[in-house]
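Below is entry_35.cif, which holds mmCIF, C-alpha atoms (C1' of nucleotides).
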```cif
data_final
loop_
_atom_site.label_atom_id
_atom_site.label_comp_id
_atom_site.auth_asym_id
_atom_site.auth_seq_id
_atom_site.Cartn_x
_atom_site.Cartn_y
_atom_site.Cartn_z
CA MET A 1 -199.47 107.53 135.50
CA SER A 2 -195.91 108.66 136.12
CA VAL A 3 -193.48 105.91 135.17
CA GLY A 4 -190.53 107.85 136.48
CA VAL A 5 -188.10 110.67 135.92
CA SER A 6 -184.70 110.92 134.27
CA ILE A 7 -181.42 110.72 136.11
CA GLY A 8 -180.99 114.47 135.80
CA VAL A 9 -184.32 115.17 137.47
CA ALA A 10 -183.67 112.58 140.16
CA ALA A 11 -180.26 114.09 140.75
CA LYS A 12 -181.65 117.57 141.10
CA ALA A 13 -184.48 116.41 143.36
CA SER A 14 -182.17 114.47 145.65
CA GLY A 15 -179.22 116.82 145.60
CA VAL A 16 -176.85 114.10 144.38
CA LYS A 17 -174.82 114.81 141.25
CA VAL A 18 -175.61 112.81 138.11
CA PRO A 19 -172.29 110.93 137.89
CA THR A 20 -172.52 110.19 141.58
CA VAL A 21 -176.00 108.72 141.13
CA ARG A 22 -174.61 106.35 138.50
CA PHE A 23 -171.68 105.61 140.79
CA TYR A 24 -174.08 104.65 143.59
CA GLU A 25 -175.80 102.21 141.26
CA GLN A 26 -172.44 100.83 140.20
CA ILE A 27 -171.38 100.07 143.76
CA GLY A 28 -174.79 98.63 144.60
CA LEU A 29 -175.96 101.38 146.93
CA MET A 30 -178.81 101.93 144.48
CA PRO A 31 -180.46 98.97 142.73
CA PRO A 32 -180.10 98.52 138.96
CA MET A 33 -182.61 100.95 137.51
CA VAL A 34 -185.46 100.24 135.15
CA ARG A 35 -184.61 101.56 131.67
CA THR A 36 -186.60 103.20 128.90
CA ASP A 37 -186.60 101.93 125.32
CA GLY A 38 -183.69 104.28 124.73
CA ASN A 39 -181.70 102.68 127.59
CA ARG A 40 -182.20 105.60 129.97
CA ARG A 41 -182.63 105.09 133.68
CA LEU A 42 -186.03 105.78 135.21
CA TYR A 43 -186.38 106.93 138.80
CA GLY A 44 -189.55 106.64 140.82
CA PRO A 45 -190.37 108.57 144.00
CA ALA A 46 -188.96 105.76 146.17
CA ASP A 47 -185.67 105.91 144.29
CA VAL A 48 -185.45 109.67 144.73
CA LYS A 49 -186.15 109.21 148.42
CA ARG A 50 -183.43 106.62 148.67
CA LEU A 51 -180.97 108.98 147.00
CA THR A 52 -181.99 111.73 149.40
CA PHE A 53 -181.47 109.31 152.27
CA ILE A 54 -177.98 108.54 150.99
CA ARG A 55 -177.09 112.20 150.56
CA HIS A 56 -178.21 113.04 154.07
CA ALA A 57 -176.34 110.11 155.52
CA ARG A 58 -173.19 111.18 153.65
CA GLU A 59 -173.59 114.76 154.85
CA LEU A 60 -173.93 113.46 158.38
CA GLY A 61 -170.59 111.77 157.90
CA PHE A 62 -171.74 108.17 157.48
CA GLU A 63 -169.46 106.00 155.40
CA ILE A 64 -170.80 104.08 152.44
CA ASP A 65 -170.69 100.78 154.30
CA ALA A 66 -172.65 102.23 157.22
CA ILE A 67 -175.21 103.57 154.76
CA ARG A 68 -175.37 100.18 153.12
CA GLU A 69 -176.27 98.65 156.49
CA LEU A 70 -178.91 101.27 157.13
CA LEU A 71 -180.41 100.70 153.69
CA GLN A 72 -180.52 96.98 154.29
CA LEU A 73 -182.38 97.66 157.54
CA GLN A 74 -184.76 99.84 155.61
CA ASP A 75 -185.24 97.18 152.95
CA GLN A 76 -186.20 94.57 155.55
CA PRO A 77 -188.05 96.57 158.19
CA ASN A 78 -188.91 93.67 160.46
CA GLN A 79 -185.54 93.66 162.15
CA SER A 80 -184.52 95.35 165.34
CA CYS A 81 -183.06 98.79 164.88
CA ALA A 82 -180.33 98.13 167.42
CA VAL A 83 -177.80 98.01 164.60
CA ALA A 84 -178.91 101.36 163.19
CA ASP A 85 -178.84 102.82 166.67
CA ASP A 86 -175.31 101.51 167.18
CA ILE A 87 -174.18 103.11 163.95
CA ALA A 88 -175.73 106.44 164.91
CA ARG A 89 -174.18 106.27 168.37
CA GLY A 90 -170.74 105.52 166.99
CA ARG A 91 -171.13 108.37 164.56
CA LEU A 92 -172.15 110.70 167.37
CA GLY A 93 -169.02 109.86 169.32
CA GLU A 94 -166.85 110.53 166.30
CA VAL A 95 -168.62 113.80 165.57
CA ARG A 96 -168.01 114.97 169.13
CA ARG A 97 -164.34 114.07 168.91
CA ARG A 98 -164.09 115.96 165.65
CA ILE A 99 -165.72 119.03 167.11
CA ALA A 100 -163.25 118.99 169.99
CA SER A 101 -160.30 118.71 167.59
CA LEU A 102 -161.63 121.47 165.40
CA ARG A 103 -162.15 123.78 168.35
CA ALA A 104 -158.50 123.34 169.35
CA LEU A 105 -157.57 123.86 165.73
CA GLU A 106 -159.68 127.00 165.55
CA ALA A 107 -157.97 128.43 168.63
CA GLU A 108 -154.58 127.62 167.15
CA LEU A 109 -155.37 129.31 163.83
CA GLU A 110 -156.86 132.30 165.61
CA ARG A 111 -153.68 132.66 167.57
CA MET A 112 -151.59 132.23 164.43
CA VAL A 113 -153.48 134.84 162.49
CA GLY A 114 -153.69 137.16 165.50
CA GLU A 115 -149.98 137.08 166.15
CA CYS A 116 -148.89 137.53 162.59
CA SER A 117 -147.73 141.10 162.36
CA HIS A 118 -147.73 141.15 158.56
CA GLY A 119 -143.99 141.65 158.48
CA ARG A 120 -141.39 139.21 157.25
CA VAL A 121 -141.70 135.45 157.47
CA ALA A 122 -138.84 135.36 159.94
CA GLU A 123 -141.11 136.91 162.54
CA CYS A 124 -144.29 135.24 161.35
CA ARG A 125 -145.70 132.79 163.83
CA VAL A 126 -147.75 131.06 161.16
CA ILE A 127 -144.56 129.29 160.22
CA GLU A 128 -143.05 128.98 163.67
CA VAL A 129 -146.08 127.53 165.32
CA LEU A 130 -146.32 124.73 162.80
CA ALA A 131 -142.60 124.05 162.71
CA ASP A 132 -142.05 123.94 166.44
CA HIS A 133 -143.78 121.20 168.29
CA CYS A 134 -143.46 122.68 171.75
CA GLU A 135 -145.26 125.83 170.69
CA CYS A 136 -148.23 124.00 169.30
CA ARG A 137 -151.22 123.90 171.57
CA PHE A 138 -153.14 121.59 169.29
CA HIS A 139 -152.42 118.11 170.52
CA ALA A 140 -155.67 116.42 169.60
CA HIS A 141 -153.71 113.81 167.63
CA GLU A 142 -152.29 112.44 170.84
CA ALA A 143 -155.69 112.08 172.45
CA ASP A 144 -157.54 110.92 169.35
CA GLY A 145 -157.62 107.40 168.11
CA ALA A 146 -156.51 106.35 164.68
CA GLU A 147 -159.97 106.91 163.27
CA ALA A 148 -160.11 110.65 163.69
CA ASP A 149 -156.75 111.43 162.13
CA GLY A 150 -158.20 112.34 158.77
CA ALA A 151 -160.24 115.40 159.62
CA GLU A 152 -160.18 115.45 155.86
CA GLY A 153 -160.94 111.91 155.16
CA GLY A 154 -158.47 111.30 152.47
CA MET B 1 -120.60 114.18 164.75
CA SER B 2 -124.10 113.04 163.92
CA VAL B 3 -124.53 112.62 160.18
CA GLY B 4 -128.19 111.82 160.55
CA VAL B 5 -130.78 109.26 161.53
CA SER B 6 -132.62 106.55 159.63
CA ILE B 7 -136.08 106.96 158.16
CA GLY B 8 -137.54 104.91 160.99
CA VAL B 9 -136.09 107.18 163.64
CA ALA B 10 -137.10 110.31 161.73
CA ALA B 11 -140.59 108.89 161.34
CA LYS B 12 -140.91 108.17 165.04
CA ALA B 13 -139.50 111.57 166.00
CA SER B 14 -141.82 113.47 163.68
CA GLY B 15 -144.90 111.33 164.10
CA VAL B 16 -145.14 110.66 160.37
CA LYS B 17 -145.30 107.02 159.25
CA VAL B 18 -142.34 105.60 157.34
CA PRO B 19 -144.15 105.02 154.01
CA THR B 20 -145.66 108.48 154.31
CA VAL B 21 -142.20 110.00 154.78
CA ARG B 22 -141.09 108.36 151.54
CA PHE B 23 -144.30 109.51 149.90
CA TYR B 24 -143.57 113.10 150.93
CA GLU B 25 -140.16 112.85 149.30
CA GLN B 26 -141.75 111.37 146.20
CA ILE B 27 -144.17 114.26 145.77
CA GLY B 28 -141.45 116.81 146.51
CA LEU B 29 -142.73 117.96 149.88
CA MET B 30 -139.43 116.75 151.29
CA PRO B 31 -136.19 117.20 149.31
CA PRO B 32 -134.33 114.14 147.97
CA MET B 33 -132.49 112.80 150.98
CA VAL B 34 -128.76 112.21 151.34
CA ARG B 35 -128.06 108.45 151.28
CA THR B 36 -125.61 106.19 153.07
CA ASP B 37 -123.28 103.81 151.24
CA GLY B 38 -126.03 101.24 151.53
CA ASN B 39 -128.55 103.57 149.82
CA ARG B 40 -130.47 104.43 153.00
CA ARG B 41 -131.89 107.86 153.60
CA LEU B 42 -130.29 110.04 156.26
CA TYR B 43 -132.32 112.64 158.15
CA GLY B 44 -130.80 115.57 159.99
CA PRO B 45 -132.53 117.64 162.68
CA ALA B 46 -133.78 120.14 160.07
CA ASP B 47 -135.40 117.32 158.09
CA VAL B 48 -137.14 115.98 161.19
CA LYS B 49 -138.36 119.48 161.97
CA ARG B 50 -139.70 119.83 158.44
CA LEU B 51 -141.54 116.53 158.79
CA THR B 52 -142.98 117.69 162.10
CA PHE B 53 -144.07 120.91 160.42
CA ILE B 54 -145.81 118.93 157.70
CA ARG B 55 -147.55 116.67 160.19
CA HIS B 56 -148.83 119.62 162.21
CA ALA B 57 -150.02 121.40 159.12
CA ARG B 58 -151.86 118.25 157.97
CA GLU B 59 -153.42 117.83 161.39
CA LEU B 60 -154.55 121.43 161.23
CA GLY B 61 -156.33 120.58 157.99
CA PHE B 62 -153.95 122.19 155.53
CA GLU B 63 -153.84 120.58 152.12
CA ILE B 64 -150.56 119.47 150.61
CA ASP B 65 -150.48 122.40 148.20
CA ALA B 66 -151.00 124.89 151.01
CA ILE B 67 -148.19 123.21 152.95
CA ARG B 68 -146.02 123.40 149.86
CA GLU B 69 -146.57 127.15 149.77
CA LEU B 70 -145.79 127.50 153.46
CA LEU B 71 -142.61 125.46 153.05
CA GLN B 72 -141.55 127.63 150.14
CA LEU B 73 -142.06 130.66 152.35
CA GLN B 74 -139.95 128.99 155.01
CA ASP B 75 -137.26 128.12 152.48
CA GLN B 76 -136.99 131.75 151.34
CA PRO B 77 -137.64 133.74 154.53
CA ASN B 78 -137.14 137.18 153.04
CA GLN B 79 -140.62 137.34 151.60
CA SER B 80 -143.69 138.88 153.11
CA CYS B 81 -145.80 136.51 155.11
CA ALA B 82 -149.03 137.86 153.66
CA VAL B 83 -149.44 134.65 151.68
CA ALA B 84 -149.03 132.46 154.75
CA ASP B 85 -151.44 134.66 156.64
CA ASP B 86 -153.96 134.34 153.81
CA ILE B 87 -153.70 130.58 153.90
CA ALA B 88 -154.20 130.51 157.67
CA ARG B 89 -157.14 132.89 157.41
CA GLY B 90 -158.80 130.81 154.71
CA ARG B 91 -158.25 127.71 156.80
CA LEU B 92 -159.75 129.42 159.84
CA GLY B 93 -162.90 130.25 157.89
CA GLU B 94 -163.23 126.69 156.72
CA VAL B 95 -162.65 125.34 160.20
CA ARG B 96 -165.40 127.55 161.57
CA ARG B 97 -167.81 126.43 158.87
CA ARG B 98 -166.98 122.84 159.65
CA ILE B 99 -167.56 123.33 163.34
CA ALA B 100 -170.98 124.85 162.62
CA SER B 101 -171.93 121.93 160.37
CA LEU B 102 -170.73 119.40 162.88
CA ARG B 103 -172.70 121.06 165.69
CA ALA B 104 -175.89 120.76 163.64
CA LEU B 105 -174.93 117.21 162.84
CA GLU B 106 -174.32 116.47 166.51
CA ALA B 107 -177.75 117.80 167.42
CA GLU B 108 -179.33 115.68 164.69
CA LEU B 109 -177.60 112.51 165.79
CA GLU B 110 -178.45 113.20 169.43
CA ARG B 111 -182.08 113.56 168.46
CA MET B 112 -181.92 110.41 166.35
CA VAL B 113 -180.39 108.33 169.10
CA GLY B 114 -182.64 109.90 171.74
CA GLU B 115 -185.82 109.19 169.85
CA CYS B 116 -185.01 105.64 168.93
CA SER B 117 -187.10 103.50 171.20
CA HIS B 118 -185.14 100.33 170.45
CA GLY B 119 -188.15 98.72 168.85
CA ARG B 120 -188.58 97.81 165.20
CA VAL B 121 -187.06 99.68 162.28
CA ALA B 122 -190.53 100.77 161.19
CA GLU B 123 -190.73 103.06 164.17
CA CYS B 124 -187.06 103.94 164.28
CA ARG B 125 -186.36 107.56 163.53
CA VAL B 126 -182.76 106.83 162.64
CA ILE B 127 -184.08 105.69 159.30
CA GLU B 128 -186.94 108.14 158.97
CA VAL B 129 -184.93 111.23 159.75
CA LEU B 130 -182.40 110.44 157.06
CA ALA B 131 -184.95 109.35 154.49
CA ASP B 132 -187.32 112.26 154.87
CA HIS B 133 -185.98 115.61 153.97
CA CYS B 134 -188.63 117.67 155.72
CA GLU B 135 -187.87 116.04 159.05
CA CYS B 136 -184.20 116.77 158.86
CA ARG B 137 -183.08 119.76 160.86
CA PHE B 138 -179.58 119.59 159.47
CA HIS B 139 -179.54 121.92 156.51
CA ALA B 140 -175.93 123.04 156.65
CA HIS B 141 -175.49 121.94 153.04
CA GLU B 142 -177.89 124.62 151.89
CA ALA B 143 -176.14 127.38 153.81
CA ASP B 144 -172.63 126.18 153.08
CA GLY B 145 -170.72 127.00 149.99
CA ALA B 146 -169.44 124.38 147.59
CA GLU B 147 -166.20 124.12 149.53
CA ALA B 148 -167.72 122.75 152.70
CA ASP B 149 -169.96 120.13 151.12
CA GLY B 150 -167.57 117.31 151.87
CA ALA B 151 -167.44 117.47 155.64
CA GLU B 152 -165.22 114.56 154.79
CA GLY B 153 -163.21 116.15 152.01
CA GLY B 154 -161.95 113.58 149.64
"C1'" DC C 1 -118.10 83.77 160.74
"C1'" DC C 2 -122.83 82.47 160.35
"C1'" DT C 3 -127.51 82.98 161.11
"C1'" DA C 4 -131.85 85.37 162.31
"C1'" DC C 5 -134.47 89.03 161.96
"C1'" DA C 6 -135.53 93.81 161.82
"C1'" DT C 7 -135.30 97.49 158.92
"C1'" DG C 8 -134.51 99.50 154.64
"C1'" DC C 9 -135.05 99.89 149.39
"C1'" DT C 10 -138.08 100.24 144.88
"C1'" DC C 11 -142.09 99.43 142.51
"C1'" DT C 12 -146.81 98.48 141.72
"C1'" DA C 13 -151.39 98.42 142.97
"C1'" DG C 14 -155.22 99.25 146.17
"C1'" DT C 15 -158.14 102.39 149.14
"C1'" DC C 16 -162.39 105.82 149.37
"C1'" DA C 17 -165.75 108.45 147.30
"C1'" DC C 18 -166.07 110.39 143.87
"C1'" DT C 19 -164.89 113.43 139.36
"C1'" DA C 20 -163.56 114.24 134.56
"C1'" DG C 21 -163.31 113.18 129.93
"C1'" DA C 22 -163.81 110.53 125.52
"C1'" DG C 23 -166.82 109.07 122.18
"C1'" DG C 24 -171.22 108.03 120.96
"C1'" DA C 25 -176.70 107.77 121.09
"C1'" DG C 26 -181.30 109.67 122.06
"C1'" DC C 27 -184.61 113.30 122.09
"C1'" DA C 28 -187.24 117.81 122.06
"C1'" DA C 29 -187.54 122.39 120.00
"C1'" DG C 30 -187.16 125.46 116.22
"C1'" DC D 1 -183.12 118.65 109.60
"C1'" DT D 2 -180.25 120.74 112.60
"C1'" DT D 3 -179.00 122.42 117.02
"C1'" DG D 4 -178.09 121.51 121.49
"C1'" DC D 5 -179.05 119.26 125.54
"C1'" DT D 6 -179.16 115.15 128.16
"C1'" DC D 7 -178.00 110.58 128.47
"C1'" DC D 8 -175.10 106.19 127.83
"C1'" DT D 9 -170.63 103.34 128.81
"C1'" DC D 10 -166.00 103.12 129.73
"C1'" DT D 11 -161.56 104.44 131.35
"C1'" DA D 12 -158.57 107.12 133.97
"C1'" DG D 13 -157.54 110.65 137.39
"C1'" DT D 14 -157.91 112.90 142.15
"C1'" DG D 15 -155.83 113.30 147.17
"C1'" DA D 16 -153.28 111.42 150.59
"C1'" DC D 17 -151.94 107.89 151.66
"C1'" DT D 18 -151.55 102.38 152.61
"C1'" DA D 19 -150.28 97.59 151.61
"C1'" DG D 20 -147.65 94.18 149.63
"C1'" DA D 21 -144.02 91.85 146.70
"C1'" DG D 22 -139.38 90.90 146.32
"C1'" DC D 23 -134.93 92.02 147.37
"C1'" DA D 24 -130.78 94.41 149.97
"C1'" DT D 25 -128.66 95.90 154.20
"C1'" DG D 26 -127.55 96.29 159.09
"C1'" DT D 27 -127.18 94.38 163.65
"C1'" DA D 28 -127.24 91.18 167.62
"C1'" DG D 29 -126.42 86.67 169.25
"C1'" DG D 30 -124.13 82.24 169.12
#
```

Whole structure, structure tokens version:
Amino acid sequence: MSVGVSIGVAAKASGVKVPTVRFYEQIGLMPPMVRTDGNRRLYGPADVKRLTFIRHARELGFEIDAIRELLQLQDQPNQSCAVADDIARGRLGEVRRRIASLRALEAELERMVGECSHGRVAECRVIEVLADHCECRFHAHEADGAEADGAEGG
Amino acid sequence: MSVGVSIGVAAKASGVKVPTVRFYEQIGLMPPMVRTDGNRRLYGPADVKRLTFIRHARELGFEIDAIRELLQLQDQPNQSCAVADDIARGRLGEVRRRIASLRALEAELERMVGECSHGRVAECRVIEVLADHCECRFHAHEADGAEADGAEGG
DNA sequence: CCTACATGCTCTAGTCACTAGAGGAGCAAG
DNA sequence: CTTGCTCCTCTAGTGACTAGAGCATGTAGG
């Protein structure tokens, strides 16, 4: 009977890094793990699945709190999934906004790179375009809400 | 003769928030500002333009260090712009990777929302899709390099 | 001139989601 | 028994801000 695997194996299986797995336990996204005699965490298949769930959710752009909600839904499956659906819908809207911004951004960078004649900076549009507001065709920030400002997340 | 404007005015004109303007000075992205008798920062048109430049670059997804390089290029315009071009090119590649990931993500979320029948969580694919690797059609993380893993960045 | 009140200043600490490193313990192979 | 890997806890650092305390300054109205 398999009692469980080590954190390293669970990490590899789920695609989450070892320190991040511990971090998830620390912030309560993963439950406190069963330990061996030697104080090492043991992960069962359900735990690995949960980690995989978290990784996917993160890759899909869900924030930790949203994932927490989803996990709570999963832990008590007799609730309506309206909440989960709402979260997914909200995420979908944000993803679409981000794609739109990035497309404008892509066009801008293409233009910048295309127009750069590899001469001196004085004639290089890479600088000019970013310095001069009126030349910038990327105005997503004016259309976007506050939420989408960090294409980077910060 | 206009000696300059206050930080609030410069912030409004450039679209950068006041604390962020001070932060940029603190990390050396903006030079130490001239002060009034009452120790308040004074911003000239060139400073506002620089702030605008920084904001645009940030919105385009440039990291602070990349912006620092670009600003150094701008400060000494007799250099080749090959470096700036490289930065823009690298950014363009990353933007395209991000767009690809987000498109896959969009499709996944559309499917998730579309298949959710608003019943109980047990039948809700929003949970299942994220928990079960083999059902997930979003495998951008396997194709992407290490750089793109954080669709979110930091 | 006096009073509000907005705006400015510095400094510290908090945010998010990790990531890195110190310093030590456990464990399997040779 | 030693080597070398993985694991443990704990603290501190990252990036790019953001928030708040506590005080100074500037301005408009009365």

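Here CA of Asp85 (chain A) and CA of Val95 (chain B) stand 28.5 Å from one another.
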
With the PyMOL selection byres ((chain B) within 9 of (chain C)) as the selection, what would be picked from this file? Answer as a short mmCIF file (atom, residue, chain, number, x, y, z; two decimals) with C-alpha atoms, in the coordinates of the input, please.
```cif
data_model
loop_
_atom_site.label_atom_id
_atom_site.label_comp_id
_atom_site.auth_asym_id
_atom_site.auth_seq_id
_atom_site.Cartn_x
_atom_site.Cartn_y
_atom_site.Cartn_z
CA SER B 6 -132.62 106.55 159.63
CA ILE B 7 -136.08 106.96 158.16
CA GLY B 8 -137.54 104.91 160.99
CA ASN B 39 -128.55 103.57 149.82
CA ARG B 40 -130.47 104.43 153.00
CA ARG B 41 -131.89 107.86 153.60
CA GLY B 154 -161.95 113.58 149.64
#
```

Residues around (-176.0, 99.6, 152.0), cut-off 12 Å, counting only C-alpha atoms (C1' of nucleotides) - what are they as a ChimeraX atom specification?
-> /A:24-25,27-31,50-51,53-54,57,62-76,84

Selection export as a compact mmCIF listing (two decimals), keeping the file's coordinate frame, atoms kept: C-alpha atoms:
```
# COMPACT_ATOMS: atom_id res chain seq x y z
CA TYR A 24 -174.08 104.65 143.59
CA GLU A 25 -175.80 102.21 141.26
CA ILE A 27 -171.38 100.07 143.76
CA GLY A 28 -174.79 98.63 144.60
CA LEU A 29 -175.96 101.38 146.93
CA MET A 30 -178.81 101.93 144.48
CA PRO A 31 -180.46 98.97 142.73
CA ARG A 50 -183.43 106.62 148.67
CA LEU A 51 -180.97 108.98 147.00
CA PHE A 53 -181.47 109.31 152.27
CA ILE A 54 -177.98 108.54 150.99
CA ALA A 57 -176.34 110.11 155.52
CA PHE A 62 -171.74 108.17 157.48
CA GLU A 63 -169.46 106.00 155.40
CA ILE A 64 -170.80 104.08 152.44
CA ASP A 65 -170.69 100.78 154.30
CA ALA A 66 -172.65 102.23 157.22
CA ILE A 67 -175.21 103.57 154.76
CA ARG A 68 -175.37 100.18 153.12
CA GLU A 69 -176.27 98.65 156.49
CA LEU A 70 -178.91 101.27 157.13
CA LEU A 71 -180.41 100.70 153.69
CA GLN A 72 -180.52 96.98 154.29
CA LEU A 73 -182.38 97.66 157.54
CA GLN A 74 -184.76 99.84 155.61
CA ASP A 75 -185.24 97.18 152.95
CA GLN A 76 -186.20 94.57 155.55
CA ALA A 84 -178.91 101.36 163.19
```

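For the pair CA of Gly114 (chain B) and CA of Leu102 (chain B), the separation is 17.6 Å.
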
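Put simply, CA of Tyr43 (chain B) is 11.9 Å away from CA of Lys12 (chain B).
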
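What the PyMOL selection byres ((chain D) within 9 of (chain A)) picks from this file is DT6, DC7, DC8, DG15, DA16 and DC17 of chain D.
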
For the residues in that selection, give me C-alpha atoms (C1' of nucleotides) as a short mmCIF file (atom, residue, chain, number, x, y, z; two decimals), keeping the file's coordinate frame.
```cif
data_model
loop_
_atom_site.label_atom_id
_atom_site.label_comp_id
_atom_site.auth_asym_id
_atom_site.auth_seq_id
_atom_site.Cartn_x
_atom_site.Cartn_y
_atom_site.Cartn_z
"C1'" DT D 6 -179.16 115.15 128.16
"C1'" DC D 7 -178.00 110.58 128.47
"C1'" DC D 8 -175.10 106.19 127.83
"C1'" DG D 15 -155.83 113.30 147.17
"C1'" DA D 16 -153.28 111.42 150.59
"C1'" DC D 17 -151.94 107.89 151.66
#
```

Neighbouring residues of Pro45 (chain A) were defined as those with any atom within 9 Å, considering only C-alpha atoms (C1' of nucleotides); residues of the same chain fewer than 4 positions away were excluded. Please report them as a PDB file with C-alpha atoms, in the frame of the given file.
```
ATOM      1  CA  GLY A   4    -190.530 107.850 136.480  1.00  0.00           C
ATOM      2  CA  VAL A   5    -188.100 110.670 135.920  1.00  0.00           C
ATOM      3  CA  ALA A  10    -183.670 112.580 140.160  1.00  0.00           C
ATOM      4  CA  LYS A  49    -186.150 109.210 148.420  1.00  0.00           C
ATOM      5  CA  ARG A  50    -183.430 106.620 148.670  1.00  0.00           C
TER       6      ARG A  50
END
```

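Comparing A:Leu92, A:Ala107, A:Ala100, A:Val9 by their smallest distance to chain B, the closest is A:Leu92 (using only C-alpha atoms).
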
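With all atoms listed in the file as the atoms that count, the residue of A:Lys17, A:Arg96, A:Arg22, A:Arg111 with the shortest distance to chain B is A:Arg96.
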
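Candidate residues B:Val3, B:Leu42, B:Val83, B:Val21 were compared for distance to chain A, and the nearest is B:Val83, using all atoms listed in the file.
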